[in-house]
>>> print(open('target03.csv').read())   # CSV, C-alpha atoms and all ligand atoms
chain,number,residue,atom,x,y,z
A,1,LEU,CA,-35.3,-54.0,-70.0
A,2,VAL,CA,-38.0,-51.7,-68.5
A,3,VAL,CA,-41.1,-51.0,-70.6
A,4,PHE,CA,-43.2,-47.9,-69.7
A,5,ASP,CA,-46.5,-48.8,-71.3
A,6,ASP,CA,-48.9,-46.2,-70.0
A,7,VAL,CA,-47.1,-43.3,-68.4
A,8,LEU,CA,-48.0,-39.6,-67.6
A,9,ILE,CA,-45.0,-37.4,-68.3
A,10,PRO,CA,-45.7,-33.8,-67.1
A,11,TRP,CA,-44.8,-31.3,-69.9
A,12,GLU,CA,-42.3,-29.5,-67.7
A,13,HIS,CA,-40.2,-32.8,-67.8
A,14,VAL,CA,-40.3,-33.1,-71.6
A,15,PHE,CA,-37.1,-31.9,-73.3
A,16,ALA,CA,-38.0,-33.0,-76.8
A,17,TYR,CA,-41.2,-34.0,-78.5
A,18,ARG,CA,-41.4,-35.3,-82.1
A,19,ASP,CA,-38.1,-33.5,-82.8
A,20,ILE,CA,-35.6,-36.0,-84.1
A,21,ARG,CA,-32.9,-33.3,-84.7
A,22,ARG,CA,-33.1,-32.2,-81.1
A,23,VAL,CA,-33.1,-35.8,-79.8
A,24,ARG,CA,-30.0,-36.5,-81.8
A,25,GLU,CA,-28.3,-33.3,-80.7
A,26,GLN,CA,-28.6,-34.2,-77.1
A,27,TRP,CA,-25.5,-36.3,-77.7
A,28,SER,CA,-23.4,-33.7,-79.6
A,29,LYS,CA,-24.7,-30.3,-78.3
A,30,THR,CA,-24.6,-31.3,-74.6
A,31,PRO,CA,-21.9,-33.2,-72.7
A,32,ALA,CA,-24.5,-36.0,-71.9
A,33,HIS,CA,-22.8,-38.6,-74.0
A,34,LEU,CA,-19.3,-37.8,-72.7
A,35,LEU,CA,-20.5,-37.7,-69.0
A,36,GLY,CA,-22.4,-41.0,-69.4
A,37,ASN,CA,-19.2,-42.6,-70.5
A,38,VAL,CA,-17.1,-41.0,-67.8
A,39,GLN,CA,-19.2,-42.6,-65.0
A,40,ALA,CA,-18.9,-46.0,-66.8
A,41,GLN,CA,-15.1,-45.5,-67.1
A,42,THR,CA,-14.8,-44.5,-63.4
A,43,ARG,CA,-16.6,-47.8,-62.6
A,44,LEU,CA,-14.3,-49.6,-65.0
A,45,SER,CA,-11.2,-48.2,-63.4
A,46,THR,CA,-12.2,-49.5,-60.0
A,47,LYS,CA,-13.1,-52.9,-61.5
A,48,LEU,CA,-9.7,-53.2,-63.2
A,49,ASP,CA,-7.8,-52.4,-60.0
A,50,PHE,CA,-9.9,-55.1,-58.3
A,51,MET,CA,-9.0,-57.5,-61.2
A,52,VAL,CA,-5.3,-56.8,-61.0
A,53,ALA,CA,-5.3,-57.4,-57.2
A,54,LEU,CA,-7.2,-60.6,-57.6
A,55,ALA,CA,-4.8,-61.9,-60.3
A,56,GLN,CA,-1.8,-61.0,-58.0
A,57,ALA,CA,-3.4,-62.8,-55.1
A,58,VAL,CA,-4.1,-66.0,-57.2
A,59,ALA,CA,-0.5,-65.9,-58.4
A,60,VAL,CA,0.8,-65.6,-54.9
A,61,MET,CA,-1.4,-68.5,-53.7
A,62,ASN,CA,-0.4,-70.7,-56.7
A,63,GLY,CA,3.3,-70.0,-55.9
A,64,THR,CA,3.9,-68.5,-59.3
A,65,ALA,CA,4.1,-64.8,-58.5
A,66,GLY,CA,7.9,-64.9,-58.5
A,67,LEU,CA,8.2,-66.3,-62.1
A,68,PRO,CA,9.2,-63.7,-64.7
A,69,PRO,CA,6.5,-64.7,-67.3
A,70,ILE,CA,3.8,-64.4,-64.6
A,71,GLN,CA,5.2,-61.1,-63.4
A,72,ALA,CA,5.2,-59.9,-67.1
A,73,THR,CA,1.5,-60.8,-67.4
A,74,LEU,CA,0.7,-59.0,-64.1
A,75,GLY,CA,2.7,-56.0,-65.4
A,76,GLU,CA,0.6,-56.0,-68.5
A,77,LEU,CA,-2.6,-56.2,-66.5
A,78,ALA,CA,-1.4,-53.3,-64.3
A,79,ALA,CA,-0.6,-51.2,-67.4
A,80,HIS,CA,-4.1,-51.6,-68.7
A,81,ALA,CA,-5.6,-50.6,-65.3
A,82,LEU,CA,-3.3,-47.6,-65.1
A,83,ASN,CA,-4.0,-46.5,-68.7
A,84,VAL,CA,-7.8,-46.4,-67.9
A,85,HIS,CA,-7.1,-44.5,-64.6
A,86,SER,CA,-4.7,-42.1,-66.4
A,87,LEU,CA,-7.3,-41.3,-69.1
A,88,LEU,CA,-9.8,-40.4,-66.4
A,89,VAL,CA,-7.3,-37.9,-65.0
A,90,ALA,CA,-6.5,-36.6,-68.5
A,91,GLN,CA,-10.3,-36.1,-69.2
A,92,GLU,CA,-10.5,-33.8,-66.2
A,93,GLN,CA,-7.2,-32.1,-66.9
A,94,ASN,CA,-8.3,-31.3,-70.5
A,95,CYS,CA,-11.9,-30.4,-69.7
A,96,ARG,CA,-13.4,-27.2,-71.0
A,97,ILE,CA,-16.1,-25.1,-69.2
A,98,ASP,CA,-19.0,-23.9,-71.4
A,99,ALA,CA,-21.0,-20.7,-71.2
A,100,GLN,CA,-23.4,-22.4,-68.7
A,101,GLY,CA,-20.5,-23.3,-66.4
A,102,VAL,CA,-20.7,-27.0,-67.3
A,103,ALA,CA,-17.4,-28.9,-67.6
A,104,TRP,CA,-17.1,-31.0,-70.8
A,105,PRO,CA,-14.5,-33.7,-70.2
A,106,GLY,CA,-11.7,-34.0,-72.9
A,107,ALA,CA,-13.5,-35.9,-75.7
A,108,ALA,CA,-10.5,-37.6,-77.2
A,109,GLU,CA,-9.5,-39.0,-73.8
A,110,VAL,CA,-13.1,-40.2,-73.2
A,111,HIS,CA,-13.2,-42.0,-76.6
A,112,ALA,CA,-9.7,-43.4,-76.1
A,113,CYS,CA,-10.9,-44.9,-72.8
A,114,SER,CA,-14.0,-46.3,-74.4
A,115,THR,CA,-11.8,-48.0,-77.0
A,116,LEU,CA,-9.6,-49.5,-74.2
A,117,GLN,CA,-12.8,-50.6,-72.5
A,118,LEU,CA,-13.7,-52.9,-75.4
A,119,THR,CA,-10.2,-53.9,-76.5
A,120,ALA,CA,-8.3,-54.3,-73.2
A,121,TYR,CA,-11.0,-55.9,-71.1
A,122,PRO,CA,-11.3,-59.3,-73.0
A,123,SER,CA,-7.5,-59.6,-73.0
A,124,MET,CA,-7.3,-58.9,-69.3
A,125,VAL,CA,-9.9,-61.6,-68.6
A,126,GLN,CA,-7.9,-64.0,-70.7
A,127,ALA,CA,-4.7,-63.1,-68.8
A,128,VAL,CA,-6.3,-63.7,-65.4
A,129,ARG,CA,-7.6,-67.1,-66.7
A,130,GLU,CA,-4.0,-68.0,-67.7
A,131,ILE,CA,-2.6,-67.0,-64.4
A,132,ALA,CA,-5.3,-68.9,-62.5
A,133,GLY,CA,-4.7,-72.1,-64.4
A,134,GLY,CA,-6.8,-75.3,-64.2
A,135,GLY,CA,-7.4,-74.7,-60.5
A,136,LEU,CA,-10.4,-72.5,-61.5
A,137,ILE,CA,-12.1,-75.7,-62.6
A,138,GLN,CA,-11.0,-78.0,-59.7
A,139,LEU,CA,-13.4,-76.6,-57.3
A,140,PRO,CA,-16.4,-77.9,-55.3
A,141,SER,CA,-19.7,-77.2,-56.9
A,142,SER,CA,-21.0,-75.5,-53.7
A,143,ARG,CA,-20.2,-74.7,-50.1
A,144,ALA,CA,-22.4,-77.6,-49.2
A,145,ASP,CA,-19.5,-79.9,-50.1
A,146,PHE,CA,-17.7,-78.6,-47.1
A,147,GLN,CA,-20.5,-79.8,-44.8
A,148,ASN,CA,-20.2,-83.3,-46.1
A,149,GLU,CA,-17.6,-85.1,-43.9
A,150,LEU,CA,-16.2,-87.3,-46.6
A,151,ALA,CA,-16.0,-84.6,-49.3
A,152,ARG,CA,-14.5,-82.2,-46.7
A,153,SER,CA,-11.6,-84.5,-45.9
A,154,ASP,CA,-10.8,-84.8,-49.6
A,155,LEU,CA,-11.1,-81.1,-50.1
A,156,ASP,CA,-8.8,-80.4,-47.1
A,157,ARG,CA,-6.3,-82.9,-48.5
A,158,PHE,CA,-6.3,-82.2,-52.3
A,159,VAL,CA,-7.7,-78.7,-52.8
A,160,GLN,CA,-5.2,-76.5,-50.9
A,161,SER,CA,-2.0,-74.6,-51.4
A,162,PRO,CA,1.1,-74.1,-49.2
A,163,GLY,CA,-0.1,-71.6,-46.6
A,164,TYR,CA,-3.7,-71.7,-47.8
A,165,ASP,CA,-6.2,-74.3,-46.4
A,166,SER,CA,-9.0,-75.6,-48.6
A,167,VAL,CA,-11.5,-73.0,-47.5
A,168,GLU,CA,-9.1,-70.1,-48.3
A,169,ARG,CA,-8.1,-71.6,-51.6
A,170,VAL,CA,-11.7,-72.3,-52.7
A,171,LYS,CA,-12.9,-68.9,-51.5
A,172,LEU,CA,-10.3,-67.0,-53.7
A,173,MET,CA,-10.7,-69.3,-56.7
A,174,LYS,CA,-14.5,-69.0,-56.6
A,175,LEU,CA,-14.1,-65.2,-56.6
A,176,ALA,CA,-11.8,-65.4,-59.6
A,177,TRP,CA,-14.2,-67.7,-61.4
A,178,ASP,CA,-17.1,-65.2,-60.7
A,179,LEU,CA,-15.0,-62.5,-62.3
A,180,VAL,CA,-13.5,-64.2,-65.4
A,181,GLY,CA,-15.3,-67.6,-66.0
A,182,SER,CA,-18.9,-67.7,-64.8
A,183,GLU,CA,-22.0,-66.7,-66.7
A,184,PHE,CA,-21.9,-63.5,-64.7
A,185,ALA,CA,-18.3,-62.9,-66.0
A,186,SER,CA,-19.4,-63.6,-69.6
A,187,ARG,CA,-22.2,-61.1,-69.2
A,188,HIS,CA,-19.6,-58.5,-68.0
A,189,GLN,CA,-17.5,-59.1,-71.1
A,190,GLN,CA,-20.5,-58.4,-73.4
A,191,TYR,CA,-21.3,-55.4,-71.2
A,192,GLU,CA,-17.8,-53.8,-71.6
A,193,LEU,CA,-17.9,-54.6,-75.3
A,194,PHE,CA,-21.1,-52.8,-76.0
A,195,TYR,CA,-21.6,-50.3,-73.2
A,196,ALA,CA,-20.3,-47.3,-75.2
A,197,GLY,CA,-22.0,-48.5,-78.4
A,198,ALA,CA,-21.0,-50.9,-81.2
A,199,PRO,CA,-17.2,-51.4,-81.4
A,200,HIS,CA,-16.8,-49.9,-84.9
A,201,LEU,CA,-18.7,-46.7,-83.7
A,202,VAL,CA,-16.6,-46.3,-80.6
A,203,LYS,CA,-13.4,-46.5,-82.7
A,204,ALA,CA,-14.8,-44.1,-85.3
A,205,ARG,CA,-15.5,-41.6,-82.5
A,206,MET,CA,-11.9,-42.0,-81.5
A,207,TYR,CA,-10.8,-41.4,-85.0
A,208,ALA,CA,-13.0,-38.3,-85.3
A,209,SER,CA,-11.8,-36.7,-82.0
A,210,TYR,CA,-8.1,-37.4,-82.2
A,211,ASP,CA,-5.9,-34.4,-83.0
A,212,PHE,CA,-3.8,-35.6,-86.0
A,213,ALA,CA,-2.2,-32.2,-86.5
A,214,PRO,CA,0.9,-32.5,-84.3
A,215,GLY,CA,1.9,-35.8,-85.8
A,216,GLU,CA,1.2,-34.5,-89.3
A,217,ALA,CA,3.6,-31.6,-88.7
A,218,LEU,CA,6.3,-34.0,-87.6
A,219,LEU,CA,5.6,-36.2,-90.6
A,220,ALA,CA,5.8,-33.3,-93.0
A,221,ALA,CA,9.1,-32.1,-91.5
A,222,ALA,CA,10.6,-35.6,-91.8
A,223,LEU,CA,9.5,-35.9,-95.4
A,224,ASP,CA,10.8,-32.4,-96.1
A,225,GLY,CA,14.2,-33.4,-94.7
A,226,TYR,CA,15.2,-35.7,-97.6
A,227,ASP,CA,14.8,-36.3,-101.3
A,228,LEU,CA,16.5,-38.3,-104.0
A,229,GLU,CA,19.8,-36.5,-103.3
A,230,GLY,CA,19.8,-37.5,-99.6
A,231,ARG,CA,19.3,-35.5,-96.4
A,232,ARG,CA,18.9,-31.8,-97.1
A,233,GLU,CA,20.5,-30.4,-94.0
A,234,THR,CA,23.8,-32.3,-94.5
A,235,ARG,CA,24.0,-31.8,-98.2
A,236,GLY,CA,27.3,-30.5,-99.4
A,237,THR,CA,29.1,-31.3,-96.1
B,1,LIG,C1,-24.9,-52.3,-70.3
B,1,LIG,C2,-25.1,-51.5,-71.5
B,1,LIG,C3,-25.5,-50.2,-71.3
B,1,LIG,C4,-25.7,-49.4,-72.4
B,1,LIG,N1,-26.2,-48.2,-72.3
B,1,LIG,C5,-26.5,-47.4,-73.3
B,1,LIG,C6,-27.1,-46.1,-73.2
B,1,LIG,O1,-27.3,-45.7,-72.0
B,1,LIG,N2,-27.3,-45.3,-74.3
B,1,LIG,C7,-27.0,-45.8,-75.5
B,1,LIG,O2,-27.2,-45.1,-76.5
B,1,LIG,N3,-26.4,-47.0,-75.7
B,1,LIG,C8,-26.2,-47.8,-74.6
B,1,LIG,N4,-25.6,-49.1,-74.8
B,1,LIG,C9,-25.2,-49.5,-76.2
B,1,LIG,C10,-26.4,-50.0,-77.0
B,1,LIG,O3,-27.4,-50.6,-76.2
B,1,LIG,C11,-26.0,-51.1,-78.1
B,1,LIG,O4,-25.4,-52.2,-77.4
B,1,LIG,C12,-25.2,-50.6,-79.1
B,1,LIG,O5,-25.7,-49.4,-79.7
B,1,LIG,C13,-25.0,-51.6,-80.2
B,1,LIG,O6,-26.2,-52.0,-80.7
B,1,LIG,P1,-26.7,-53.5,-80.7
B,1,LIG,O7,-26.4,-54.1,-79.4
B,1,LIG,O8,-28.1,-53.6,-81.1
B,1,LIG,O9,-25.8,-54.3,-81.7
B,1,LIG,P2,-25.8,-54.3,-83.3
B,1,LIG,O10,-26.1,-52.9,-83.8
B,1,LIG,O11,-26.8,-55.3,-83.8
B,1,LIG,O12,-24.4,-54.7,-83.6
B,1,LIG,C14,-23.9,-56.1,-83.5
B,1,LIG,C15,-22.6,-56.2,-84.2
B,1,LIG,O13,-22.8,-55.9,-85.6
B,1,LIG,C16,-21.9,-54.8,-86.0
B,1,LIG,N5,-22.5,-53.8,-86.9
B,1,LIG,C17,-23.8,-53.3,-86.7
B,1,LIG,N6,-24.0,-52.4,-87.7
B,1,LIG,C18,-22.9,-52.4,-88.5
B,1,LIG,C19,-22.6,-51.6,-89.6
B,1,LIG,N7,-23.4,-50.8,-90.2
B,1,LIG,N8,-21.4,-51.9,-90.2
B,1,LIG,C20,-20.5,-52.7,-89.6
B,1,LIG,N9,-20.8,-53.5,-88.5
B,1,LIG,C21,-22.0,-53.3,-87.9
B,1,LIG,C22,-21.5,-54.2,-84.6
B,1,LIG,O14,-20.1,-53.6,-84.7
B,1,LIG,C23,-21.5,-55.3,-83.7
B,1,LIG,O15,-20.3,-56.0,-83.6
B,1,LIG,C24,-25.4,-49.9,-73.7
B,1,LIG,C25,-25.0,-51.2,-73.9
B,1,LIG,C26,-24.8,-52.0,-72.8
B,1,LIG,C27,-24.2,-53.4,-73.0
>>> encode(input="target03.csv", output="structure tokens")
Amino acid sequence: LVVFDDVLIPWEHVFAYRDIRRVREQWSKTPAHLLGNVQAQTRLSTKLDFMVALAQAVAVMNGTAGLPPIQATLGELAAHALNVHSLLVAQEQNCRIDAQGVAWPGAAEVHACSTLQLTAYPSMVQAVREIAGGGLIQLPSSRADFQNELARSDLDRFVQSPGYDSVERVKLMKLAWDLVGSEFASRHQQYELFYAGAPHLVKARMYASYDFAPGEALLAAALDGYDLEGRRETRGT
């Protein structure tokens, strides 16, 4: 939180002054809101790729990457990451250029991605925790433990995996803990949940921007196709 208590703002830098309508309209009459979310979603896409790679690395180290249930979980994580990435591509694909030459990203795609940001992220964190297992907790409290001869010999013996010595295992598991278990990770979860606004507002924006018309046409055609006498097109055959 930054508080500007006593600041000189030159008039040429003031866009709105005591004009609530104009302040509100900055979000609807300019692409500011959409673009603000696009940068956050670009960041999210990179973060999810990182998360999927980390989950895969932990599964390989734990010797579980070949198990079908673990592969299914990794596949689900990968699908979420790819969905976010694909929505970024779709926003660009479906952008429109306004009279000033400014590109407005596809609104429905932006809001769909914001909805994934708050719904998929917590379930991805949970999935990584499940893949990592109790090993996330069986870790030294700090790297200083490696400098203690007695603790080091126990770490080398008990905190390792086939093909990974204690330093390699602890290094990877500490990174996973930073991402999904630590206070920092918890802060990130709150961040993804509220970045685009309160969850009910994000979903309401999705509702308002989704084009229901194609689905409604299909539904009307299906309902038109039958009545109490059966299917209309096959009647009498
Ligand atoms: C890192 C980060 C950056 C952000 N950046 C920006 C930004 O640049 N610009 C911006 O505008 N916003 C930004 N936000 C979002 C904003 O700061 C708020 O988090 C958001 O508007 C929700 O408000 P709040 O946190 O006060 O929660 P509250 O409004 O107190 O909501 C708390 C809970 O109550 C529920 N709730 C609240 N009111 C109702 C209601 N009427 N009916 C039903 N349920 C309700 C909410 O769904 C939520 O679950 C950012 C958030 C984060 C975390």
>>> residues_near_point(input="target03.csv", point="(-12.7, -48.7, -73.7)", cutoff="10 Å", atoms="all atoms listed in the file", output="MDAnalysis selection string")
chainID A and resid 37 40:41 44 84 110:121 192:196 199 202:203
>>> atom_distance(input="target03.csv", atom1="atom N9 of ligand LIG 1 (chain B)", atom2="atom CA of A:Leu201")
8.6 Å
>>> atom_distance(input="target03.csv", atom1="atom O4 of ligand LIG 1 (chain B)", atom2="atom CA of A:Tyr207")
19.7 Å
>>> residues_around(input="target03.csv", residues="A:His80", least_positions_apart="3", cutoff="10 Å", atoms="only C-alpha atoms", output="number ranges by chain")
A: 45, 48-49, 52, 74-77, 83-86, 116-117, 120-121, 123-124
>>> closest_atom_pairs(input="target03.csv", of="stretch 178-221 of chain A", to="stretch 132-153 of chain A", cutoff="12 Å", atoms="all atoms listed in the file", output="JSON lines")
{"residue": "A:Asp178", "atom": "CA", "partner": "A:Leu136", "partner_atom": "CA", "distance": 9.9}
{"residue": "A:Leu179", "atom": "CA", "partner": "A:Leu136", "partner_atom": "CA", "distance": 11.0}
{"residue": "A:Val180", "atom": "CA", "partner": "A:Leu136", "partner_atom": "CA", "distance": 9.7}
{"residue": "A:Gly181", "atom": "CA", "partner": "A:Leu136", "partner_atom": "CA", "distance": 8.3}
{"residue": "A:Ser182", "atom": "CA", "partner": "A:Leu136", "partner_atom": "CA", "distance": 10.3}
>>> atom_distance(input="target03.csv", atom1="atom CA of A:Arg187", atom2="atom CA of A:Glu109")
25.9 Å
>>> closest_residue(input="target03.csv", among="A:Val14, A:Gly63, A:Gln160, A:Ala198", to="ligand LIG 1 (chain B)", atoms="all atoms listed in the file")
A:Ala198
>>> residues_around(input="target03.csv", residues="stretch 54-59 of chain A", least_positions_apart="2", cutoff="8 Å", atoms="all atoms listed in the file", output="JSON, numbers by chain")
{"A": [50, 51, 52, 61, 62, 63, 64, 65, 70, 74, 128, 131, 132, 172, 173, 176]}
>>> build_atoms(input="target03.csv", residues="stretch 196-231 of chain A", atoms="N, CA and C atoms", output="tab-separated table (two decimals), keeping the file's coordinate frame")
chain	number	residue	atom	x	y	z
A	196	ALA	N	-20.43	-48.63	-74.59
A	196	ALA	CA	-20.30	-47.30	-75.20
A	196	ALA	C	-20.82	-47.30	-76.65
A	197	GLY	N	-21.45	-48.40	-77.08
A	197	GLY	CA	-22.00	-48.50	-78.40
A	197	GLY	C	-21.26	-49.63	-79.18
A	198	ALA	N	-21.65	-49.86	-80.43
A	198	ALA	CA	-21.00	-50.90	-81.20
A	198	ALA	C	-19.52	-50.60	-81.40
A	199	PRO	N	-18.64	-51.63	-81.33
A	199	PRO	CA	-17.20	-51.40	-81.40
A	199	PRO	C	-16.74	-50.49	-82.54
A	200	HIS	N	-17.31	-50.68	-83.75
A	200	HIS	CA	-16.80	-49.90	-84.90
A	200	HIS	C	-17.18	-48.39	-84.68
A	201	LEU	N	-18.31	-48.12	-83.98
A	201	LEU	CA	-18.70	-46.70	-83.70
A	201	LEU	C	-17.79	-46.08	-82.68
A	202	VAL	N	-17.45	-46.86	-81.65
A	202	VAL	CA	-16.60	-46.30	-80.60
A	202	VAL	C	-15.22	-45.95	-81.22
A	203	LYS	N	-14.69	-46.82	-82.08
A	203	LYS	CA	-13.40	-46.50	-82.70
A	203	LYS	C	-13.50	-45.37	-83.69
A	204	ALA	N	-14.64	-45.26	-84.35
A	204	ALA	CA	-14.80	-44.10	-85.30
A	204	ALA	C	-14.87	-42.82	-84.54
A	205	ARG	N	-15.47	-42.82	-83.32
A	205	ARG	CA	-15.50	-41.60	-82.50
A	205	ARG	C	-14.07	-41.22	-82.10
A	206	MET	N	-13.27	-42.23	-81.81
A	206	MET	CA	-11.90	-42.00	-81.50
A	206	MET	C	-11.16	-41.32	-82.64
A	207	TYR	N	-11.39	-41.89	-83.82
A	207	TYR	CA	-10.80	-41.40	-85.00
A	207	TYR	C	-11.17	-39.89	-85.24
A	208	ALA	N	-12.47	-39.61	-85.03
A	208	ALA	CA	-13.00	-38.30	-85.30
A	208	ALA	C	-12.47	-37.25	-84.26
A	209	SER	N	-12.15	-37.70	-83.04
A	209	SER	CA	-11.80	-36.70	-82.00
A	209	SER	C	-10.29	-36.60	-81.79
A	210	TYR	N	-9.51	-37.47	-82.41
A	210	TYR	CA	-8.10	-37.40	-82.20
A	210	TYR	C	-7.47	-36.24	-83.00
A	211	ASP	N	-6.54	-35.53	-82.37
A	211	ASP	CA	-5.90	-34.40	-83.00
A	211	ASP	C	-4.68	-34.92	-83.83
A	212	PHE	N	-4.87	-35.08	-85.13
A	212	PHE	CA	-3.80	-35.60	-86.00
A	212	PHE	C	-2.72	-34.54	-86.27
A	213	ALA	N	-3.04	-33.24	-86.03
A	213	ALA	CA	-2.20	-32.20	-86.50
A	213	ALA	C	-0.73	-32.23	-86.02
A	214	PRO	N	-0.47	-32.44	-84.72
A	214	PRO	CA	0.90	-32.50	-84.30
A	214	PRO	C	1.75	-33.56	-84.99
A	215	GLY	N	1.17	-34.73	-85.12
A	215	GLY	CA	1.90	-35.80	-85.80
A	215	GLY	C	2.07	-35.53	-87.28
A	216	GLU	N	1.05	-34.88	-87.89
A	216	GLU	CA	1.20	-34.50	-89.30
A	216	GLU	C	2.29	-33.53	-89.54
A	217	ALA	N	2.47	-32.59	-88.59
A	217	ALA	CA	3.60	-31.60	-88.70
A	217	ALA	C	4.92	-32.32	-88.65
A	218	LEU	N	5.05	-33.27	-87.74
A	218	LEU	CA	6.30	-34.00	-87.60
A	218	LEU	C	6.57	-34.81	-88.91
A	219	LEU	N	5.50	-35.43	-89.42
A	219	LEU	CA	5.60	-36.20	-90.60
A	219	LEU	C	6.07	-35.36	-91.82
A	220	ALA	N	5.43	-34.17	-91.93
A	220	ALA	CA	5.80	-33.30	-93.00
A	220	ALA	C	7.23	-32.82	-92.91
A	221	ALA	N	7.68	-32.53	-91.67
A	221	ALA	CA	9.10	-32.10	-91.50
A	221	ALA	C	10.02	-33.21	-91.85
A	222	ALA	N	9.68	-34.43	-91.48
A	222	ALA	CA	10.60	-35.60	-91.80
A	222	ALA	C	10.65	-35.75	-93.32
A	223	LEU	N	9.48	-35.67	-93.99
A	223	LEU	CA	9.50	-35.90	-95.40
A	223	LEU	C	10.21	-34.73	-96.16
A	224	ASP	N	10.12	-33.51	-95.58
A	224	ASP	CA	10.80	-32.40	-96.10
A	224	ASP	C	12.34	-32.50	-96.00
A	225	GLY	N	12.77	-33.33	-95.09
A	225	GLY	CA	14.20	-33.40	-94.70
A	225	GLY	C	15.04	-34.18	-95.72
A	226	TYR	N	14.43	-34.90	-96.66
A	226	TYR	CA	15.20	-35.70	-97.60
A	226	TYR	C	14.55	-35.80	-98.94
A	227	ASP	N	15.35	-36.01	-99.98
A	227	ASP	CA	14.80	-36.30	-101.30
A	227	ASP	C	15.76	-37.25	-102.00
A	228	LEU	N	15.67	-37.32	-103.30
A	228	LEU	CA	16.50	-38.30	-104.00
A	228	LEU	C	17.99	-38.04	-103.86
A	229	GLU	N	18.34	-36.81	-103.48
A	229	GLU	CA	19.80	-36.50	-103.30
A	229	GLU	C	20.27	-36.78	-101.89
A	230	GLY	N	19.38	-37.20	-101.00
A	230	GLY	CA	19.80	-37.50	-99.60
A	230	GLY	C	19.23	-36.54	-98.64
A	231	ARG	N	19.84	-36.45	-97.43
A	231	ARG	CA	19.30	-35.50	-96.40
A	231	ARG	C	19.67	-34.11	-96.74
